[in-house]
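Visitor: What follows is run_11.pdb, made up of PDB, C-alpha atoms and all ligand atoms:
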```
ATOM      1  CA  MET A  20      -7.807  16.042  22.833
ATOM      2  CA  GLN A  21     -10.894  18.066  23.567
ATOM      3  CA  LEU A  22     -14.124  16.203  23.941
ATOM      4  CA  PRO A  23     -16.940  18.597  23.069
ATOM      5  CA  LEU A  24     -20.482  17.440  23.698
ATOM      6  CA  LEU A  25     -19.184  14.979  26.260
ATOM      7  CA  ALA A  26     -22.349  14.942  28.350
ATOM      8  CA  PRO A  27     -24.732  14.242  25.433
ATOM      9  CA  ALA A  28     -22.355  11.531  24.207
ATOM     10  CA  LEU A  29     -22.403   9.851  27.590
ATOM     11  CA  LEU A  30     -26.169  10.149  27.767
ATOM     12  CA  VAL A  31     -26.591   8.497  24.375
ATOM     13  CA  GLY A  32     -24.190   5.776  25.489
ATOM     14  CA  GLN A  33     -26.275   5.093  28.580
ATOM     15  CA  VAL A  34     -29.497   5.038  26.639
ATOM     16  CA  LEU A  35     -28.063   2.537  24.185
ATOM     17  CA  GLY A  36     -26.600   0.445  26.987
ATOM     18  CA  GLN A  37     -23.028   0.913  25.782
ATOM     19  CA  THR A  38     -20.248   0.256  28.251
ATOM     20  CA  HIS A  39     -17.604   2.392  26.540
ATOM     21  CA  ASP A  40     -17.205   5.623  28.531
ATOM     22  CA  ILE A  41     -14.856   8.057  26.833
ATOM     23  CA  SER A  42     -14.814  10.402  29.842
ATOM     24  CA  ARG A  43     -12.694   7.917  31.818
ATOM     25  CA  ASP A  44     -10.063   7.549  29.107
ATOM     26  CA  ASP A  45      -6.727   9.271  29.411
ATOM     27  CA  HIS A  46      -5.743  10.554  26.000
ATOM     28  CA  ALA A  47      -2.625  12.482  26.951
ATOM     29  CA  TRP A  48       0.148  11.943  24.396
ATOM     30  CA  ALA A  49       3.057   9.711  25.356
ATOM     31  CA  PRO A  50       5.621   8.122  23.031
ATOM     32  CA  ALA A  51       6.003   4.368  22.775
ATOM     33  CA  GLY A  52       7.852   2.828  25.691
ATOM     34  CA  PRO A  53      10.303  -0.079  25.668
ATOM     35  CA  GLY A  54       8.658  -3.195  24.268
ATOM     36  CA  ASP A  55       5.733  -1.283  22.727
ATOM     37  CA  PHE A  56       4.950  -1.961  19.073
ATOM     38  CA  ARG A  57       4.681   0.708  16.414
ATOM     39  CA  GLY A  58       4.376   0.386  12.640
ATOM     40  CA  PRO A  59       4.367   2.164   9.282
ATOM     41  CA  CYS A  60       1.045   3.942   9.804
ATOM     42  CA  PRO A  61       1.559   7.368  11.339
ATOM     43  CA  MET A  62      -2.088   7.537  12.401
ATOM     44  CA  MET A  63      -2.258   4.133  14.088
ATOM     45  CA  ASN A  64       0.965   5.056  15.897
ATOM     46  CA  THR A  65      -0.615   8.386  16.845
ATOM     47  CA  LEU A  66      -3.801   6.752  18.124
ATOM     48  CA  ALA A  67      -1.625   4.419  20.229
ATOM     49  CA  ASN A  68       0.445   7.356  21.524
ATOM     50  CA  HIS A  69      -2.822   8.932  22.712
ATOM     51  CA  GLY A  70      -4.321   5.724  24.071
ATOM     52  CA  PHE A  71      -7.215   5.669  21.602
ATOM     53  CA  ILE A  72      -5.998   2.160  20.787
ATOM     54  CA  GLN A  73      -3.723   0.166  23.084
ATOM     55  CA  ARG A  74      -0.657   2.180  23.950
ATOM     56  CA  ASP A  75       1.525  -0.923  23.576
ATOM     57  CA  GLY A  76       0.360  -1.402  19.971
ATOM     58  CA  ARG A  77      -0.604  -5.032  20.583
ATOM     59  CA  ASN A  78      -3.790  -7.049  20.195
ATOM     60  CA  ILE A  79      -5.867  -4.529  18.277
ATOM     61  CA  THR A  80      -9.285  -6.134  17.928
ATOM     62  CA  ARG A  81     -12.161  -4.996  15.747
ATOM     63  CA  GLU A  82     -13.769  -3.340  18.782
ATOM     64  CA  ASN A  83     -10.535  -1.549  19.699
ATOM     65  CA  ALA A  84     -10.070  -0.263  16.147
ATOM     66  CA  VAL A  85     -13.686   0.863  15.736
ATOM     67  CA  ASN A  86     -13.740   2.604  19.131
ATOM     68  CA  GLY A  87     -10.315   4.168  18.630
ATOM     69  CA  LEU A  88     -11.116   5.551  15.190
ATOM     70  CA  ARG A  89     -14.436   6.885  16.470
ATOM     71  CA  ASP A  90     -13.121   8.508  19.647
ATOM     72  CA  GLY A  91      -9.924   9.820  18.082
ATOM     73  CA  LEU A  92     -11.123  10.920  14.638
ATOM     74  CA  ASN A  93     -14.908  10.490  14.482
ATOM     75  CA  PHE A  94     -14.826   7.722  11.873
ATOM     76  CA  ASN A  95     -18.193   6.037  11.525
ATOM     77  CA  PRO A  96     -18.273   2.346  12.507
ATOM     78  CA  THR A  97     -19.147   1.111   8.998
ATOM     79  CA  LEU A  98     -15.980   2.664   7.622
ATOM     80  CA  SER A  99     -13.814   1.446  10.510
ATOM     81  CA  ASN A 100     -15.118  -2.091  10.133
ATOM     82  CA  ILE A 101     -14.111  -2.051   6.456
ATOM     83  CA  MET A 102     -10.652  -0.822   7.436
ATOM     84  CA  PHE A 103     -10.301  -3.539  10.044
ATOM     85  CA  ASP A 104     -11.334  -6.180   7.482
ATOM     86  CA  GLN A 105      -8.574  -4.937   5.201
ATOM     87  CA  ALA A 106      -6.009  -4.896   8.001
ATOM     88  CA  ILE A 107      -6.611  -8.259   9.639
ATOM     89  CA  ILE A 108      -4.566 -10.096   6.982
ATOM     90  CA  ALA A 109      -1.530  -8.575   8.714
ATOM     91  CA  ASN A 110      -1.876 -11.240  11.399
ATOM     92  CA  PRO A 111      -0.707 -14.490   9.764
ATOM     93  CA  GLU A 112      -2.630 -16.703  12.207
ATOM     94  CA  PRO A 113      -5.704 -18.361  10.697
ATOM     95  CA  ASN A 114      -8.978 -16.711  11.760
ATOM     96  CA  ALA A 115      -7.100 -14.029  13.675
ATOM     97  CA  THR A 116      -9.232 -11.608  15.670
ATOM     98  CA  TYR A 117      -6.569  -8.954  16.227
ATOM     99  CA  PHE A 118      -3.438  -7.493  14.697
ATOM    100  CA  THR A 119      -0.458  -5.715  16.202
ATOM    101  CA  LEU A 120       1.129  -2.534  14.882
ATOM    102  CA  ASP A 121       4.413  -4.277  14.066
ATOM    103  CA  GLN A 122       2.560  -6.872  11.967
ATOM    104  CA  LEU A 123       1.772  -3.994   9.611
ATOM    105  CA  ASN A 124       5.495  -3.792   8.785
ATOM    106  CA  LYS A 125       5.507  -6.843   6.518
ATOM    107  CA  HIS A 126       6.735  -5.592   3.185
ATOM    108  CA  ASN A 127       4.385  -5.816   0.197
ATOM    109  CA  LEU A 128       1.455  -7.021   2.260
ATOM    110  CA  LEU A 129      -0.054  -3.700   3.347
ATOM    111  CA  GLU A 130       3.234  -1.829   3.693
ATOM    112  CA  HIS A 131       4.590  -0.766   0.316
ATOM    113  CA  ASP A 132       7.244   1.204  -1.556
ATOM    114  CA  ALA A 133       7.135   4.938  -2.222
ATOM    115  CA  SER A 134       5.649   5.947   1.135
ATOM    116  CA  LEU A 135       5.445   9.624   2.007
ATOM    117  CA  SER A 136       7.430   9.375   5.234
ATOM    118  CA  ARG A 137       9.104   5.983   5.322
ATOM    119  CA  SER A 138      11.995   4.527   3.394
ATOM    120  CA  ASP A 139      11.495   1.699   0.918
ATOM    121  CA  ALA A 140      12.331  -1.675   2.477
ATOM    122  CA  TYR A 141      15.161  -2.008  -0.066
ATOM    123  CA  PHE A 142      16.963   0.974   1.475
ATOM    124  CA  GLY A 143      16.502  -0.006   5.146
ATOM    125  CA  ASN A 144      13.835   0.482   7.801
ATOM    126  CA  ASN A 145      10.396   0.529   6.136
ATOM    127  CA  HIS A 146       8.304   1.583   9.126
ATOM    128  CA  VAL A 147      10.007   4.241  11.255
ATOM    129  CA  PHE A 148       9.448   7.899  10.329
ATOM    130  CA  ASN A 149      12.296   9.058   8.052
ATOM    131  CA  GLN A 150      12.889  12.825   7.959
ATOM    132  CA  THR A 151      14.851  12.687   4.684
ATOM    133  CA  VAL A 152      12.034  10.910   2.897
ATOM    134  CA  PHE A 153       9.455  13.224   4.417
ATOM    135  CA  ASP A 154      11.448  16.283   3.327
ATOM    136  CA  GLU A 155      11.397  14.878  -0.218
ATOM    137  CA  THR A 156       7.612  14.631   0.079
ATOM    138  CA  ARG A 157       6.859  17.991   1.625
ATOM    139  CA  LYS A 158       8.908  19.994  -0.822
ATOM    140  CA  TRP A 159       5.888  19.560  -3.126
ATOM    141  CA  TRP A 160       3.596  21.126  -0.536
ATOM    142  CA  GLN A 161       4.069  24.741  -1.571
ATOM    143  CA  GLY A 162       2.273  27.221   0.651
ATOM    144  CA  PRO A 163       0.445  27.079   3.971
ATOM    145  CA  ILE A 164      -2.509  25.143   2.517
ATOM    146  CA  ILE A 165      -1.850  21.748   0.939
ATOM    147  CA  THR A 166      -4.130  21.154  -2.044
ATOM    148  CA  ALA A 167      -5.126  17.912  -3.790
ATOM    149  CA  SER A 168      -2.738  18.815  -6.588
ATOM    150  CA  MET A 169       0.178  19.180  -4.167
ATOM    151  CA  LEU A 170      -0.640  15.887  -2.450
ATOM    152  CA  ALA A 171      -0.847  14.197  -5.845
ATOM    153  CA  ASN A 172       2.477  15.686  -6.891
ATOM    154  CA  SER A 173       4.198  14.392  -3.762
ATOM    155  CA  LYS A 174       2.735  10.928  -4.314
ATOM    156  CA  VAL A 175       3.857  10.767  -7.946
ATOM    157  CA  ALA A 176       7.297  12.176  -7.063
ATOM    158  CA  ARG A 177       7.858   9.541  -4.387
ATOM    159  CA  GLN A 178       6.859   6.824  -6.849
ATOM    160  CA  LEU A 179       9.151   8.182  -9.535
ATOM    161  CA  SER A 180      12.046   8.322  -7.078
ATOM    162  CA  SER A 181      11.440   4.717  -5.968
ATOM    163  CA  LYS A 182      10.967   3.479  -9.517
ATOM    164  CA  ALA A 183      14.223   5.133 -10.587
ATOM    165  CA  PHE A 184      16.458   4.186  -7.661
ATOM    166  CA  ASN A 185      14.972   1.070  -6.031
ATOM    167  CA  PRO A 186      15.643  -1.987  -8.228
ATOM    168  CA  THR A 187      13.049  -3.972  -6.240
ATOM    169  CA  TYR A 188      10.317  -1.326  -6.653
ATOM    170  CA  VAL A 189       6.829  -2.850  -6.555
ATOM    171  CA  PHE A 190       3.615  -0.840  -6.863
ATOM    172  CA  THR A 191       0.548  -2.849  -7.890
ATOM    173  CA  LEU A 192      -2.931  -1.612  -8.765
ATOM    174  CA  VAL A 193      -4.027  -2.669  -5.279
ATOM    175  CA  THR A 194      -1.142  -0.649  -3.841
ATOM    176  CA  GLU A 195      -2.360   2.317  -5.868
ATOM    177  CA  GLU A 196      -5.774   2.173  -4.214
ATOM    178  CA  PHE A 197      -4.285   1.927  -0.715
ATOM    179  CA  SER A 198      -1.784   4.640  -1.526
ATOM    180  CA  LEU A 199      -4.490   7.073  -2.665
ATOM    181  CA  GLY A 200      -6.258   6.525   0.649
ATOM    182  CA  GLU A 201      -3.055   7.149   2.577
ATOM    183  CA  VAL A 202      -2.153  10.282   0.654
ATOM    184  CA  VAL A 203      -5.554  11.817   1.305
ATOM    185  CA  ALA A 204      -5.668  10.632   4.936
ATOM    186  CA  PRO A 205      -4.274  13.870   6.421
ATOM    187  CA  VAL A 206      -7.138  15.743   4.733
ATOM    188  CA  ILE A 207      -9.612  13.294   6.226
ATOM    189  CA  ALA A 208      -8.186  13.690   9.710
ATOM    190  CA  PHE A 209      -7.334  17.394   9.790
ATOM    191  CA  GLY A 210      -8.677  19.165   6.717
ATOM    192  CA  ASP A 211     -11.598  20.159   4.532
ATOM    193  CA  THR A 212     -12.783  16.882   2.994
ATOM    194  CA  GLU A 213     -15.142  18.540   0.517
ATOM    195  CA  ASN A 214     -12.526  20.791  -1.068
ATOM    196  CA  VAL A 215      -9.671  18.379  -0.300
ATOM    197  CA  ILE A 216      -7.344  20.903   1.308
ATOM    198  CA  VAL A 217      -5.521  20.869   4.621
ATOM    199  CA  ASN A 218      -3.344  23.160   6.710
ATOM    200  CA  ARG A 219       0.293  22.169   6.103
ATOM    201  CA  THR A 220       1.398  22.970   9.664
ATOM    202  CA  LEU A 221      -1.054  20.436  11.078
ATOM    203  CA  VAL A 222       0.082  17.726   8.669
ATOM    204  CA  GLU A 223       3.798  18.259   9.285
ATOM    205  CA  TYR A 224       3.271  18.301  13.045
ATOM    206  CA  PHE A 225       1.304  15.046  12.832
ATOM    207  CA  PHE A 226       3.865  13.188  10.713
ATOM    208  CA  GLU A 227       6.900  14.440  12.612
ATOM    209  CA  ASN A 228       5.524  13.896  16.128
ATOM    210  CA  GLU A 229       2.971  11.108  15.604
ATOM    211  CA  ARG A 230       0.696  13.252  17.681
ATOM    212  CA  LEU A 231      -2.717  14.814  17.124
ATOM    213  CA  PRO A 232      -2.193  18.548  16.516
ATOM    214  CA  THR A 233      -4.455  19.619  19.377
ATOM    215  CA  GLU A 234      -1.988  22.206  20.653
ATOM    216  CA  LEU A 235      -2.108  23.849  17.213
ATOM    217  CA  GLY A 236      -5.856  24.319  17.556
ATOM    218  CA  TRP A 237      -7.095  21.168  15.837
ATOM    219  CA  THR A 238     -10.150  19.428  17.282
ATOM    220  CA  ARG A 239     -11.822  16.185  16.281
ATOM    221  CA  ARG A 240     -14.243  16.880  13.432
ATOM    222  CA  GLU A 241     -17.912  17.080  14.405
ATOM    223  CA  ASP A 242     -19.236  15.452  11.221
ATOM    224  CA  ALA A 243     -18.538  11.722  11.127
ATOM    225  CA  VAL A 244     -16.205  10.453   8.407
ATOM    226  CA  SER A 245     -17.902   7.910   6.153
ATOM    227  CA  LEU A 246     -16.809   5.761   3.232
ATOM    228  CA  GLU A 247     -18.398   8.353   0.922
ATOM    229  CA  THR A 248     -16.198  11.076   2.439
ATOM    230  CA  ILE A 249     -13.122   8.993   1.668
ATOM    231  CA  LEU A 250     -14.204   8.046  -1.864
ATOM    232  CA  HIS A 251     -14.857  11.653  -2.830
ATOM    233  CA  ALA A 252     -11.467  12.742  -1.525
ATOM    234  CA  THR A 253      -9.479   9.854  -3.032
ATOM    235  CA  ASP A 254     -11.093  10.412  -6.429
ATOM    236  CA  THR A 255     -10.024  14.033  -6.289
ATOM    237  CA  ILE A 256      -6.428  12.960  -5.607
ATOM    238  CA  ARG A 257      -6.608  10.286  -8.320
ATOM    239  CA  ASN A 258      -7.650  12.899 -10.879
ATOM    240  CA  ALA A 259      -4.922  15.223  -9.677
ATOM    241  CA  THR A 260      -2.200  12.595 -10.245
ATOM    242  CA  ARG A 261      -2.664  12.775 -14.028
ATOM    243  CA  LEU A 262       0.277  14.429 -15.747
ATOM    244  CA  TYR A 263      -1.733  15.697 -18.715
ATOM    245  CA  THR A 264      -3.900  18.767 -18.464
ATOM    246  CA  GLU A 265      -7.011  17.966 -20.525
ATOM    247  CA  PRO A 266     -10.106  15.990 -19.484
ATOM    248  CA  ILE A 267      -9.644  12.241 -20.003
ATOM    249  CA  ASN A 268     -12.141  11.962 -22.908
ATOM    250  CA  SER A 269     -10.889  14.918 -24.937
ATOM    251  CA  LEU A 270      -8.669  12.935 -27.345
ATOM    252  CA  SER A 271     -10.590  12.770 -30.629
ATOM    253  CA  LYS A 272      -9.441  10.928 -33.767
ATOM    254  CA  ARG A 273      -9.130  14.299 -35.493
ATOM    255  CA  LYS A 274      -6.633  15.494 -32.894
ATOM    256  CA  LEU A 275      -4.728  12.197 -33.070
ATOM    257  CA  GLY A 276      -4.546  12.558 -36.854
ATOM    258  CA  ARG A 277      -2.874  15.933 -36.487
ATOM    259  CA  ASN A 278      -0.076  14.472 -34.370
ATOM    260  CA  PRO A 279       3.140  15.614 -36.046
ATOM    261  CA  HIS A 280       5.098  12.496 -35.066
ATOM    262  CA  PHE A 281       2.829   9.876 -36.563
ATOM    263  CA  GLY A 282       1.394  11.642 -39.554
TER
HETATM  264  C1  LIG B 301      -7.329   0.029  10.712
HETATM  265  C2  LIG B 301      -6.773   1.193  10.520
HETATM  266  C3  LIG B 301      -5.487   1.418   9.759
HETATM  267  C4  LIG B 301      -4.528   0.529   9.373
HETATM  268  C5  LIG B 301      -4.467  -0.954   9.628
HETATM  269  C6  LIG B 301      -3.513   1.270   8.664
HETATM  270  C7  LIG B 301      -2.386   0.706   8.086
HETATM  271  C8  LIG B 301      -1.437   1.410   7.372
HETATM  272  C9  LIG B 301      -0.272   0.841   6.757
HETATM  273  C10 LIG B 301       0.088  -0.646   6.740
HETATM  274  C11 LIG B 301       0.412   1.849   6.178
HETATM  275  C12 LIG B 301       1.756   1.760   5.461
HETATM  276  C13 LIG B 301       1.662   1.956   3.974
HETATM  277  C14 LIG B 301       3.011   2.336   3.414
HETATM  278  O1  LIG B 301       3.862   1.468   3.250
HETATM  279  O2  LIG B 301       3.211   3.519   3.158
HETATM  280  C15 LIG B 301      -0.312   3.071   6.424
HETATM  281  C16 LIG B 301       0.072   4.306   5.980
HETATM  282  C17 LIG B 301      -0.600   5.459   6.250
HETATM  283  N1  LIG B 301      -1.718   5.603   7.020
HETATM  284 FE1  LIG B 301      -2.743   4.112   7.909
HETATM  285  N2  LIG B 301      -3.873   2.589   8.638
HETATM  286  C18 LIG B 301      -5.069   2.723   9.305
HETATM  287  C19 LIG B 301      -5.774   3.894   9.510
HETATM  288  C20 LIG B 301      -5.341   5.142   9.152
HETATM  289  C21 LIG B 301      -6.080   6.358   9.390
HETATM  290  C22 LIG B 301      -7.430   6.435  10.075
HETATM  291  C23 LIG B 301      -5.327   7.372   8.892
HETATM  292  C24 LIG B 301      -5.632   8.840   8.893
HETATM  293  C25 LIG B 301      -6.831   9.340   8.747
HETATM  294  C26 LIG B 301      -4.120   6.795   8.341
HETATM  295  C27 LIG B 301      -3.094   7.490   7.762
HETATM  296  C28 LIG B 301      -2.029   6.932   7.093
HETATM  297  C29 LIG B 301      -1.063   7.703   6.329
HETATM  298  C30 LIG B 301      -1.027   9.209   6.153
HETATM  299  C31 LIG B 301      -0.175   6.766   5.786
HETATM  300  C32 LIG B 301       0.974   7.055   4.828
HETATM  301  C33 LIG B 301       2.307   7.048   5.508
HETATM  302  C34 LIG B 301       3.432   7.252   4.515
HETATM  303  O3  LIG B 301       3.215   7.177   3.313
HETATM  304  O4  LIG B 301       4.558   7.496   4.976
HETATM  305  N3  LIG B 301      -4.180   5.442   8.522
HETATM  306  N4  LIG B 301      -1.440   2.768   7.155
END
```
For the file at hand, write its structure as structure tokens.
Ligand code: HEM
Guide:
Amino acid sequence: MQLPLLAPALLVGQVLGQTHDISRDDHAWAPAGPGDFRGPCPMMNTLANHGFIQRDGRNITRENAVNGLRDGLNFNPTLSNIMFDQAIIANPEPNATYFTLDQLNKHNLLEHDASLSRSDAYFGNNHVFNQTVFDETRKWWQGPIITASMLANSKVARQLSSKAFNPTYVFTLVTEEFSLGEVVAPVIAFGDTENVIVNRTLVEYFFENERLPTELGWTRREDAVSLETILHATDTIRNATRLYTEPINSLSKRKLGRNPHFG
């Protein structure tokens, strides 16, 4: 992980009286060791593998999550706080102040069916990277640049496969919102958030290694990621998941009347 503008960042930190000093952190990649926790989120696993959050995957507090998402991916604190608020339900203890990566594994809480790189719980392990499932996903990513349309196609295809073959398939409207965020997440981390495109090599490397693709030339984005960034990108994916080709409001009564099946 390269840390451009390190000196100005440290200076700002000193001026603001912050104690967090990113220059002393060791962000070399290392896989989980024995007893370390990992979960269904390839990015949280990745941030743990790089030490942006605890390498053992335990006791992730609000401060840990906010700092880790900022230092690793340049997420702004407002966004990271929202994400932490959504994640804290993973810890079943009342008034919990932290969660662990393995608490994210609980099926149909945050973890859900039809993931891009994990098996459905019905078929086995729901949180470890599964190459077969990922191959099913990435066959829809045609070409070196993954577009919103390709991401949407892989999402819909995974859902169709789960719906057809998993008799316990569950995918609620809340799941849909989370899923859209997950599907667009590689664009947020590694791609062009305005045009919602991303280099396929970076995305495959990330999923398959749970590692930031620094050695492929990726660097942390300079512009901070905000909630607005995410909403723009998820809306683009949402629109791209539609299986009809006209704008949503183009169905007039006149056209309906001409439908050959219903007179
Ligand atoms: C507080 C922070 C986060 C938490 C608690 C979290 C939690 C989760 C959980 C529970 C899943 C599993 C959903 C499923 O069953 O498919 C997931 C999936 C995913 N997350 Fe995260 N996540 C966080 C941040 C991020 C960030 C910052 C990114 C990247 C920018 C990211 C990328 C992904 C991706 C790509 C998936 C989909 C994996 C798949 O479908 O196989 N996550 N996350």
Visitor: With distances taken over all atoms listed in the file, which residue among A:Ser180, A:Asn268, A:Ser198, A:Asn172 lies nearest ligand LIG 301 (chain B)?
Guide: A:Ser198
Visitor: So that I can check the surroundings of Thr212 (chain A), please list as a PDB file with C-alpha atoms, in the frame of the given file every protein, DNA and RNA residue that reaches within 7 Å of it, counting only C-alpha atoms and ignoring chain neighbours fewer than 3 positions away.
Guide:
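Okay, out-v7.pdb is ready:
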```
ATOM      1  CA  VAL A 206      -7.138  15.743   4.733  1.00  0.00           C
ATOM      2  CA  ILE A 207      -9.612  13.294   6.226  1.00  0.00           C
ATOM      3  CA  VAL A 215      -9.671  18.379  -0.300  1.00  0.00           C
ATOM      4  CA  ILE A 216      -7.344  20.903   1.308  1.00  0.00           C
ATOM      5  CA  THR A 248     -16.198  11.076   2.439  1.00  0.00           C
ATOM      6  CA  ALA A 252     -11.467  12.742  -1.525  1.00  0.00           C
TER       7      ALA A 252
END
```
Visitor: Considering only C-alpha atoms and all ligand atoms, tabulate each residue of chain A that lies at most 7 Å from ligand LIG 301 (chain B) along with its nearest interatomic pair and the corresponding distance in Å to one decimal; arrange the rows by chain and ascending residue number and present them as CSV.
Guide:
```
residue,atom,partner,partner_atom,distance
A:Pro59,CA,B:LIG301,C12,4.6
A:Cys60,CA,B:LIG301,C15,3.7
A:Pro61,CA,B:LIG301,C28,5.6
A:Met62,CA,B:LIG301,C26,4.6
A:Met63,CA,B:LIG301,C18,5.7
A:Ala84,CA,B:LIG301,C1,6.1
A:Leu88,CA,B:LIG301,C22,6.4
A:Ser99,CA,B:LIG301,C1,6.6
A:Met102,CA,B:LIG301,C1,4.7
A:Phe103,CA,B:LIG301,C1,4.7
A:Ala106,CA,B:LIG301,C5,4.5
A:Leu123,CA,B:LIG301,C10,4.7
A:Asn124,CA,B:LIG301,C10,6.6
A:Leu129,CA,B:LIG301,C10,4.6
A:Glu130,CA,B:LIG301,O1,3.4
A:His131,CA,B:LIG301,O1,3.8
A:Asp132,CA,B:LIG301,O1,5.9
A:Ala133,CA,B:LIG301,O2,6.8
A:Ser134,CA,B:LIG301,O3,3.5
A:Leu135,CA,B:LIG301,O3,3.6
A:Ser136,CA,B:LIG301,O4,3.4
A:Arg137,CA,B:LIG301,O4,4.8
A:Ser198,CA,B:LIG301,O2,6.9
A:Glu201,CA,B:LIG301,C29,4.3
A:Val202,CA,B:LIG301,C30,5.7
A:Ala204,CA,B:LIG301,C25,4.2
A:Pro205,CA,B:LIG301,C30,5.7
A:Ile207,CA,B:LIG301,C25,5.5
A:Ala208,CA,B:LIG301,C25,4.7
```
Visitor: Pick out the closest residue to Gly236 (chain A) from this set: A:Phe209, A:Asp104, A:Arg261, A:Asp154. Count only C-alpha atoms.
Guide: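 Among the listed residues, A:Phe209 lies closest to Gly236 (chain A).
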Visitor: On this structure, the PyMOL selection byres (((chain A and resi 251) around 12) and not hetatm) would catch which residues? List them as a ChimeraX atom specification, sorted by chain and number.
Guide: /A:167,199-200,203,206-207,211-215,244-250,252-258
Visitor: Would you give me, as a tab-separated table, each residue of region 89-142 of chain A having an atom within 12 Å of an atom of region 71-76 of chain A, along with its shortest atom pair and that distance in Å to one decimal, using all atoms listed in the file and sorting by chain and residue number?
Guide:
```
residue	atom	partner	partner_atom	distance
A:Arg89	CA	A:Phe71	CA	8.9
A:Asp90	CA	A:Phe71	CA	6.8
A:Gly91	CA	A:Phe71	CA	6.1
A:Leu92	CA	A:Phe71	CA	9.6
A:Asn93	CA	A:Phe71	CA	11.5
A:Tyr117	CA	A:Gly76	CA	10.9
A:Phe118	CA	A:Gly76	CA	8.9
A:Thr119	CA	A:Gly76	CA	5.8
A:Leu120	CA	A:Gly76	CA	5.3
A:Asp121	CA	A:Gly76	CA	7.7
A:Gln122	CA	A:Gly76	CA	9.9
A:Leu123	CA	A:Gly76	CA	10.8
```
Visitor: List as a VMD selection string the protein and nucleic acid residues near Asn64 (chain A), meaning an atom at most 7 Å away when only C-alpha atoms are counted, but skip any in the same chain fewer than 5 places from it.
Guide: chain A and resid 57 to 58 229
Visitor: With only C-alpha atoms as the counted atoms, please give the residues lying no more than 12 Å from Phe153 (chain A), apart from itself and same-chain residues fewer than 6 positions off, as a list of chain:residue names.
Guide: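 Using only C-alpha atoms, the neighbours found are A:Ala133, A:Ser134, A:Leu135, A:Ser136, A:Arg137, A:Ser138, A:Val147, A:Trp159, A:Trp160, A:Ser173, A:Lys174, A:Ala176, A:Arg177, A:Val222, A:Glu223, A:Tyr224, A:Phe225, A:Phe226, A:Glu227.
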Visitor: Just how far from CA of Arg77 (chain A) is CA of Ile107 (chain A), in Å to one decimal?
Guide: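 Computing the Euclidean distance for CA of Ile107 (chain A) and CA of Arg77 (chain A) yields 12.9 Å.
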Visitor: What is the distance, in Å and to one decimal place, between CA of Gly143 (chain A) and CA of Thr80 (chain A)?
Guide: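 Separation between CA of Gly143 (chain A) and CA of Thr80 (chain A): 29.4 Å.
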Visitor: For the atom pair CA of Leu170 (chain A) and CA of Thr260 (chain A), what is the interatomic distance in Å to one decimal place?
Guide: 8.6 Å
Visitor: Excluding Asn68 (chain A) and any residue of its chain fewer than 5 positions from it, enumerate the residues within 6 Å of it, using only C-alpha atoms, and give them as a PyMOL selection string.
Guide: chain A and resi 48-50+74
Visitor: Padding of 4 Å on every side, edges along x, y and z, all listed atoms of region 211-228 of chain A included: what centre and edge lengths in Å, to one decimal, does that box have, as AutoDock Vina command-line options?
Guide:
```
--center_x -4.1 --center_y 18.2 --center_z 7.5 --size_x 30.0 --size_y 18.0 --size_z 25.2
```
Visitor: Pick the closest to Asn144 (chain A) from A:Gly162, A:Met169, A:Val217, A:Lys125: which is it, counting only C-alpha atoms?
Guide: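 Nearest candidate to Asn144 (chain A) out of A:Gly162, A:Met169, A:Val217, A:Lys125: A:Lys125.
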Visitor: For a cut-off of 9 Å around (11.8, 2.6, -4.8), file coordinates, pick out all residues using only C-alpha atoms and list them as a PyMOL selection string.
Guide: chain A and resi 132-133+138-142+177-189
Visitor: If you keep C-alpha atoms, can you produce a file of those selected residues as a PDB file, keeping the file's coordinate frame?
Guide:
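After the write, again.pdb holds the following:
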```
ATOM      1  CA  ASP A 132       7.244   1.204  -1.556  1.00  0.00           C
ATOM      2  CA  ALA A 133       7.135   4.938  -2.222  1.00  0.00           C
ATOM      3  CA  SER A 138      11.995   4.527   3.394  1.00  0.00           C
ATOM      4  CA  ASP A 139      11.495   1.699   0.918  1.00  0.00           C
ATOM      5  CA  ALA A 140      12.331  -1.675   2.477  1.00  0.00           C
ATOM      6  CA  TYR A 141      15.161  -2.008  -0.066  1.00  0.00           C
ATOM      7  CA  PHE A 142      16.963   0.974   1.475  1.00  0.00           C
ATOM      8  CA  ARG A 177       7.858   9.541  -4.387  1.00  0.00           C
ATOM      9  CA  GLN A 178       6.859   6.824  -6.849  1.00  0.00           C
ATOM     10  CA  LEU A 179       9.151   8.182  -9.535  1.00  0.00           C
ATOM     11  CA  SER A 180      12.046   8.322  -7.078  1.00  0.00           C
ATOM     12  CA  SER A 181      11.440   4.717  -5.968  1.00  0.00           C
ATOM     13  CA  LYS A 182      10.967   3.479  -9.517  1.00  0.00           C
ATOM     14  CA  ALA A 183      14.223   5.133 -10.587  1.00  0.00           C
ATOM     15  CA  PHE A 184      16.458   4.186  -7.661  1.00  0.00           C
ATOM     16  CA  ASN A 185      14.972   1.070  -6.031  1.00  0.00           C
ATOM     17  CA  PRO A 186      15.643  -1.987  -8.228  1.00  0.00           C
ATOM     18  CA  THR A 187      13.049  -3.972  -6.240  1.00  0.00           C
ATOM     19  CA  TYR A 188      10.317  -1.326  -6.653  1.00  0.00           C
ATOM     20  CA  VAL A 189       6.829  -2.850  -6.555  1.00  0.00           C
TER      21      VAL A 189
END
```
Visitor: Under the rule that all atoms listed in the file are counted, which of A:His69, A:Phe148, A:Gln161, A:Glu195 is the nearest residue to Pro232 (chain A)?
Guide: A:His69
Visitor: Under the rule that all atoms listed in the file are counted, which of A:Leu231, A:Ala47, A:Leu128, A:Leu221 is the nearest residue to Ala109 (chain A)?
Guide: A:Leu128
